[in-house]
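The file entry.tsv comes next; it holds TSV, C-alpha atoms.
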chain	number	residue	atom	x	y	z
A	1	MET	CA	92.35	128.43	101.87
A	2	LYS	CA	89.87	129.55	99.23
A	3	LEU	CA	86.42	130.97	100.05
A	4	ALA	CA	83.27	130.38	97.98
A	5	GLN	CA	83.75	133.58	95.91
A	6	GLY	CA	87.30	132.55	95.00
A	7	GLU	CA	89.31	134.74	97.36
A	8	TYR	CA	92.34	133.17	98.97
A	9	VAL	CA	92.76	133.73	102.70
A	10	ALA	CA	95.84	133.03	104.83
A	11	LEU	CA	94.16	131.93	108.05
A	12	GLU	CA	97.31	132.25	110.18
A	13	ARG	CA	97.74	135.87	109.00
A	14	VAL	CA	94.14	136.62	110.01
A	15	GLU	CA	94.67	134.94	113.39
A	16	ASN	CA	97.84	136.95	113.96
A	17	ALA	CA	96.04	140.19	113.10
A	18	TYR	CA	93.30	139.47	115.63
A	19	SER	CA	95.73	138.12	118.24
A	20	ALA	CA	97.26	141.58	118.55
A	21	SER	CA	94.05	142.64	120.29
A	22	ARG	CA	94.00	142.85	124.09
A	23	ILE	CA	90.45	141.47	124.18
A	24	ILE	CA	91.30	137.88	123.33
A	25	THR	CA	93.49	135.23	124.88
A	26	GLN	CA	93.32	132.75	122.00
A	27	ILE	CA	91.64	132.59	118.59
A	28	TYR	CA	91.13	129.96	115.92
A	29	VAL	CA	89.89	131.15	112.52
A	30	HIS	CA	88.16	128.69	110.21
A	31	GLY	CA	87.13	128.99	106.60
A	32	ASP	CA	85.15	126.68	104.36
A	33	SER	CA	85.38	126.68	100.57
A	34	LEU	CA	81.58	126.34	100.42
A	35	GLN	CA	81.03	129.49	102.53
A	36	ASP	CA	81.67	133.15	101.75
A	37	HIS	CA	82.83	134.18	105.23
A	38	LEU	CA	85.18	133.22	108.04
A	39	ILE	CA	84.21	132.09	111.51
A	40	ALA	CA	86.28	132.01	114.68
A	41	VAL	CA	86.47	130.26	118.01
A	42	VAL	CA	87.49	132.91	120.53
A	43	VAL	CA	88.74	132.61	124.09
A	44	PRO	CA	88.19	136.15	125.41
A	45	ASP	CA	90.38	137.80	127.99
A	46	PRO	CA	88.53	137.38	131.32
A	47	GLU	CA	89.15	140.97	132.42
A	48	PHE	CA	87.82	142.36	129.13
A	49	LEU	CA	84.83	140.02	129.38
A	50	VAL	CA	84.02	141.22	132.91
A	51	ALA	CA	84.24	144.86	131.74
A	52	THR	CA	82.07	144.14	128.68
A	53	VAL	CA	79.37	142.41	130.75
A	54	LYS	CA	79.35	145.30	133.21
A	55	ARG	CA	79.05	147.84	130.38
A	56	ILE	CA	76.24	145.95	128.63
A	57	SER	CA	74.13	144.65	131.50
A	58	GLY	CA	75.43	146.42	134.59
A	59	THR	CA	76.21	143.05	136.19
A	60	THR	CA	79.50	142.75	138.06
A	61	LEU	CA	81.30	139.43	137.66
A	62	SER	CA	84.45	138.04	139.19
A	63	VAL	CA	87.34	137.14	136.90
A	64	ASP	CA	87.66	133.85	138.84
A	65	ASP	CA	83.98	132.80	138.52
A	66	ARG	CA	84.23	130.51	135.47
A	67	ALA	CA	80.57	129.48	135.67
A	68	ALA	CA	79.34	133.09	135.52
A	69	LEU	CA	81.82	133.93	132.76
A	70	GLY	CA	80.66	130.91	130.76
A	71	LYS	CA	77.04	131.98	131.17
A	72	ALA	CA	77.92	135.52	130.04
A	73	LEU	CA	79.39	134.10	126.83
A	74	LEU	CA	75.91	132.91	125.83
A	75	ASP	CA	74.54	136.47	125.80
A	76	GLU	CA	74.11	137.63	122.18
A	77	LYS	CA	74.86	141.25	123.16
A	78	VAL	CA	78.20	140.19	124.65
A	79	LYS	CA	78.99	138.12	121.57
A	80	GLU	CA	78.16	141.06	119.29
A	81	ALA	CA	80.30	143.46	121.37
A	82	ILE	CA	83.29	141.12	121.15
A	83	LEU	CA	82.80	140.65	117.40
A	84	GLN	CA	82.70	144.44	116.93
A	85	GLU	CA	85.93	144.85	118.91
A	86	LEU	CA	87.59	142.10	116.86
A	87	ASN	CA	86.56	143.76	113.62
A	88	LYS	CA	87.95	147.11	114.81
A	89	GLN	CA	91.25	145.31	115.35
A	90	GLY	CA	90.95	143.69	111.92
A	91	LYS	CA	90.50	147.07	110.23
A	92	LYS	CA	93.44	148.48	112.18
A	93	ALA	CA	95.56	145.52	111.00
A	94	GLY	CA	94.52	146.11	107.38
A	95	LEU	CA	92.39	143.02	106.84
A	96	LYS	CA	90.22	143.09	103.72
A	97	GLY	CA	86.45	142.59	103.99
A	98	PHE	CA	86.56	138.93	103.03
A	99	GLU	CA	89.35	138.35	105.59
A	100	THR	CA	87.27	139.58	108.53
A	101	VAL	CA	85.43	137.18	110.80
A	102	LYS	CA	81.64	137.35	110.43
A	103	LYS	CA	80.59	134.90	113.16
A	104	ILE	CA	82.20	133.80	116.41
A	105	HIS	CA	81.85	131.08	119.00
A	106	LEU	CA	82.95	132.09	122.49
A	107	THR	CA	84.45	129.71	125.04
A	108	MET	CA	86.46	129.94	128.24
A	109	ASP	CA	88.20	126.61	127.50
A	110	MET	CA	91.79	127.33	126.51
A	111	PHE	CA	93.34	125.50	123.56
A	112	THR	CA	95.73	122.89	124.94
A	113	THR	CA	97.43	119.67	123.93
A	114	ASP	CA	95.34	117.88	126.58
A	115	ASN	CA	92.04	118.70	124.87
A	116	ASP	CA	93.60	117.96	121.47
A	117	THR	CA	93.25	121.48	120.05
A	118	LEU	CA	97.01	122.13	119.94
A	119	THR	CA	99.79	120.05	118.47
A	120	PRO	CA	102.74	119.00	120.67
A	121	THR	CA	104.62	122.04	119.24
A	122	LEU	CA	101.72	124.28	120.45
A	123	LYS	CA	100.31	125.06	117.01
A	124	ILE	CA	96.54	125.07	116.46
A	125	LYS	CA	95.24	121.85	114.93
A	126	ARG	CA	93.32	122.60	111.76

What would the structure in this file look like if it were written as structure tokens?
Amino acid sequence: MKLAQGEYVALERVENAYSASRIITQIYVHGDSLQDHLIAVVVPDPEFLVATVKRISGTTLSVDDRAALGKALLDEKVKEAILQELNKQGKKAGLKGFETVKKIHLTMDMFTTDNDTLTPTLKIKR
């Protein structure tokens, strides 16, 4: 896909670069030809999320408490910490500046064929 400044970005390559990180379970990267940056929908690893929340706020969560994990995803400090970790992984993978994700949406809902986010062959629907 082509960004607003004219750079071409291979979204699957960017997703693969970020997927190598231990902090996420699933990621979907989206670009818009009218925008100059990429955004991503991220399903964080629950254990990493629990550790991040504890580091930031001192609150201890259970990996199995989906309601508390979902509430933690709304915290801007948690979102920023996850974005920083993703961008460290992006630099390690050799992504260029325009290939890095600038904004993220966090969710605990996995991508599945049942919620129509994956194709029957388990590829992300674009």

Leaving out stretch 111-118 of chain A and any residue of its chain fewer than 5 positions from it, which residues lie within 12 Å of it when counting only C-alpha atoms, given as a CSV table (one decimal) with C-alpha atoms, in the coordinates of the input?
chain,number,residue,atom,x,y,z
A,25,THR,CA,93.5,135.2,124.9
A,26,GLN,CA,93.3,132.8,122.0
A,27,ILE,CA,91.6,132.6,118.6
A,28,TYR,CA,91.1,130.0,115.9
A,41,VAL,CA,86.5,130.3,118.0
A,42,VAL,CA,87.5,132.9,120.5
A,43,VAL,CA,88.7,132.6,124.1
A,44,PRO,CA,88.2,136.2,125.4
A,123,LYS,CA,100.3,125.1,117.0
A,124,ILE,CA,96.5,125.1,116.5
A,125,LYS,CA,95.2,121.8,114.9
A,126,ARG,CA,93.3,122.6,111.8

Tell me, as a ChimeraX atom specification, which residues lie within 12 Å of A:Gln35, counting only C-alpha atoms; anything in the same chain fewer than 6 positions away does not count.
-> /A:1-7,98,102-103

Between A:Thr121, A:Ser19, A:Gln84, A:Thr100, which is the closest to A:Ile39 once you count all atoms listed in the file?
-> A:Thr100

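Using only C-alpha atoms, the shortest contact distance between A:Lys88 and any of A:Thr107, A:Val63, A:Tyr18, A:Ala10 is found at A:Tyr18.
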
Residue contacts of A:Leu74 (10 Å, all atoms listed in the file) excluding same-chain residues fewer than 3 positions away, as a list in words | Leu69, Gly70, Lys71, Lys77, Val78, Lys79, His105, Leu106 and Thr107 of chain A

Please, what distance in Å, to one decimal, runs between atom CA of A:Gly97 and atom CA of A:Asp75?
-> 25.6 Å

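Contact shell of A:Ile23 at 8 Å (all atoms listed in the file; same-chain neighbours under 6 positions omitted): A:Pro44, A:Asp45, A:Phe48, A:Leu49, A:Ile82, A:Glu85, A:Leu86.
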
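Considering the residues A:Asp109, A:Glu47, A:Glu15, A:Glu80 and counting all atoms listed in the file, A:Leu95 has its shortest atom-to-atom contact with A:Glu15.
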
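Our summary of the geometry notes that atom CA of A:His30 is positioned 12.8 Å from atom CA of A:Tyr8.
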
Closest of A:Thr119, A:Val29, A:Ser21, A:Ala81 to A:Arg55 - atom-to-atom distances counting all atoms listed in the file | A:Ala81

Here atom CA of A:Met108 and atom CA of A:Gly31 stand apart by 21.7 Å

Slice of the block: stretch 85-113 of chain A, N, CA and C atoms, as a CSV table (one decimal), in the first residue's frame:
chain,number,residue,atom,x,y,z
A,85,GLU,N,7.6,-0.6,23.2
A,85,GLU,CA,8.2,-2.0,23.0
A,85,GLU,C,8.0,-2.4,21.6
A,86,LEU,N,6.9,-2.2,21.0
A,86,LEU,CA,6.7,-2.5,19.6
A,86,LEU,C,7.7,-1.8,18.7
A,87,ASN,N,8.0,-0.6,18.9
A,87,ASN,CA,8.9,0.2,18.1
A,87,ASN,C,10.3,-0.2,18.3
A,88,LYS,N,10.7,-0.7,19.5
A,88,LYS,CA,12.0,-1.3,19.7
A,88,LYS,C,12.2,-2.5,18.9
A,89,GLN,N,11.1,-3.3,18.8
A,89,GLN,CA,11.1,-4.5,18.0
A,89,GLN,C,11.2,-4.1,16.5
A,90,GLY,N,10.5,-3.1,16.1
A,90,GLY,CA,10.6,-2.6,14.7
A,90,GLY,C,12.0,-2.2,14.3
A,91,LYS,N,12.7,-1.4,15.2
A,91,LYS,CA,14.0,-1.0,14.9
A,91,LYS,C,15.0,-2.2,14.8
A,92,LYS,N,14.8,-3.2,15.7
A,92,LYS,CA,15.6,-4.4,15.7
A,92,LYS,C,15.4,-5.1,14.4
A,93,ALA,N,14.2,-5.1,13.9
A,93,ALA,CA,13.9,-5.8,12.6
A,93,ALA,C,14.2,-5.0,11.4
A,94,GLY,N,14.7,-3.8,11.6
A,94,GLY,CA,15.1,-3.0,10.5
A,94,GLY,C,14.1,-2.2,9.7
A,95,LEU,N,12.9,-2.0,10.4
A,95,LEU,CA,11.9,-1.2,9.8
A,95,LEU,C,12.3,0.2,9.6
A,96,LYS,N,11.9,0.9,8.5
A,96,LYS,CA,12.2,2.3,8.3
A,96,LYS,C,11.2,3.1,9.1
A,97,GLY,N,11.5,4.4,9.2
A,97,GLY,CA,10.6,5.3,10.0
A,97,GLY,C,9.1,5.3,9.5
A,98,PHE,N,8.9,5.3,8.2
A,98,PHE,CA,7.6,5.3,7.7
A,98,PHE,C,6.9,3.9,7.8
A,99,GLU,N,7.7,2.9,8.1
A,99,GLU,CA,7.1,1.5,8.3
A,99,GLU,C,6.7,1.3,9.7
A,100,THR,N,7.1,2.1,10.6
A,100,THR,CA,6.8,1.9,12.0
A,100,THR,C,5.4,2.3,12.4
A,101,VAL,N,4.7,1.7,13.3
A,101,VAL,CA,3.4,2.0,13.7
A,101,VAL,C,3.4,3.2,14.6
A,102,LYS,N,2.6,4.2,14.4
A,102,LYS,CA,2.5,5.4,15.2
A,102,LYS,C,1.4,5.4,16.3
A,103,LYS,N,0.3,4.7,16.0
A,103,LYS,CA,-0.8,4.6,16.9
A,103,LYS,C,-1.3,3.2,17.0
A,104,ILE,N,-1.8,2.8,18.2
A,104,ILE,CA,-2.3,1.4,18.3
A,104,ILE,C,-3.6,1.4,19.0
A,105,HIS,N,-4.4,0.4,18.8
A,105,HIS,CA,-5.6,0.1,19.5
A,105,HIS,C,-5.4,-1.3,20.1
A,106,LEU,N,-5.6,-1.3,21.4
A,106,LEU,CA,-5.4,-2.6,22.2
A,106,LEU,C,-6.7,-3.3,22.4
A,107,THR,N,-6.7,-4.6,22.3
A,107,THR,CA,-7.9,-5.4,22.6
A,107,THR,C,-7.4,-6.8,23.1
A,108,MET,N,-8.3,-7.4,23.9
A,108,MET,CA,-8.0,-8.8,24.3
A,108,MET,C,-8.8,-9.8,23.5
A,109,ASP,N,-9.6,-9.3,22.5
A,109,ASP,CA,-10.3,-10.2,21.6
A,109,ASP,C,-9.4,-10.7,20.5
A,110,MET,N,-9.2,-12.0,20.5
A,110,MET,CA,-8.3,-12.6,19.5
A,110,MET,C,-9.0,-12.6,18.1
A,111,PHE,N,-8.2,-12.5,17.0
A,111,PHE,CA,-8.7,-12.6,15.7
A,111,PHE,C,-9.1,-14.0,15.4
A,112,THR,N,-10.3,-14.2,15.0
A,112,THR,CA,-10.8,-15.6,14.7
A,112,THR,C,-11.7,-15.5,13.4
A,113,THR,N,-12.0,-16.7,12.9
A,113,THR,CA,-12.9,-16.8,11.8
A,113,THR,C,-14.4,-16.5,12.3
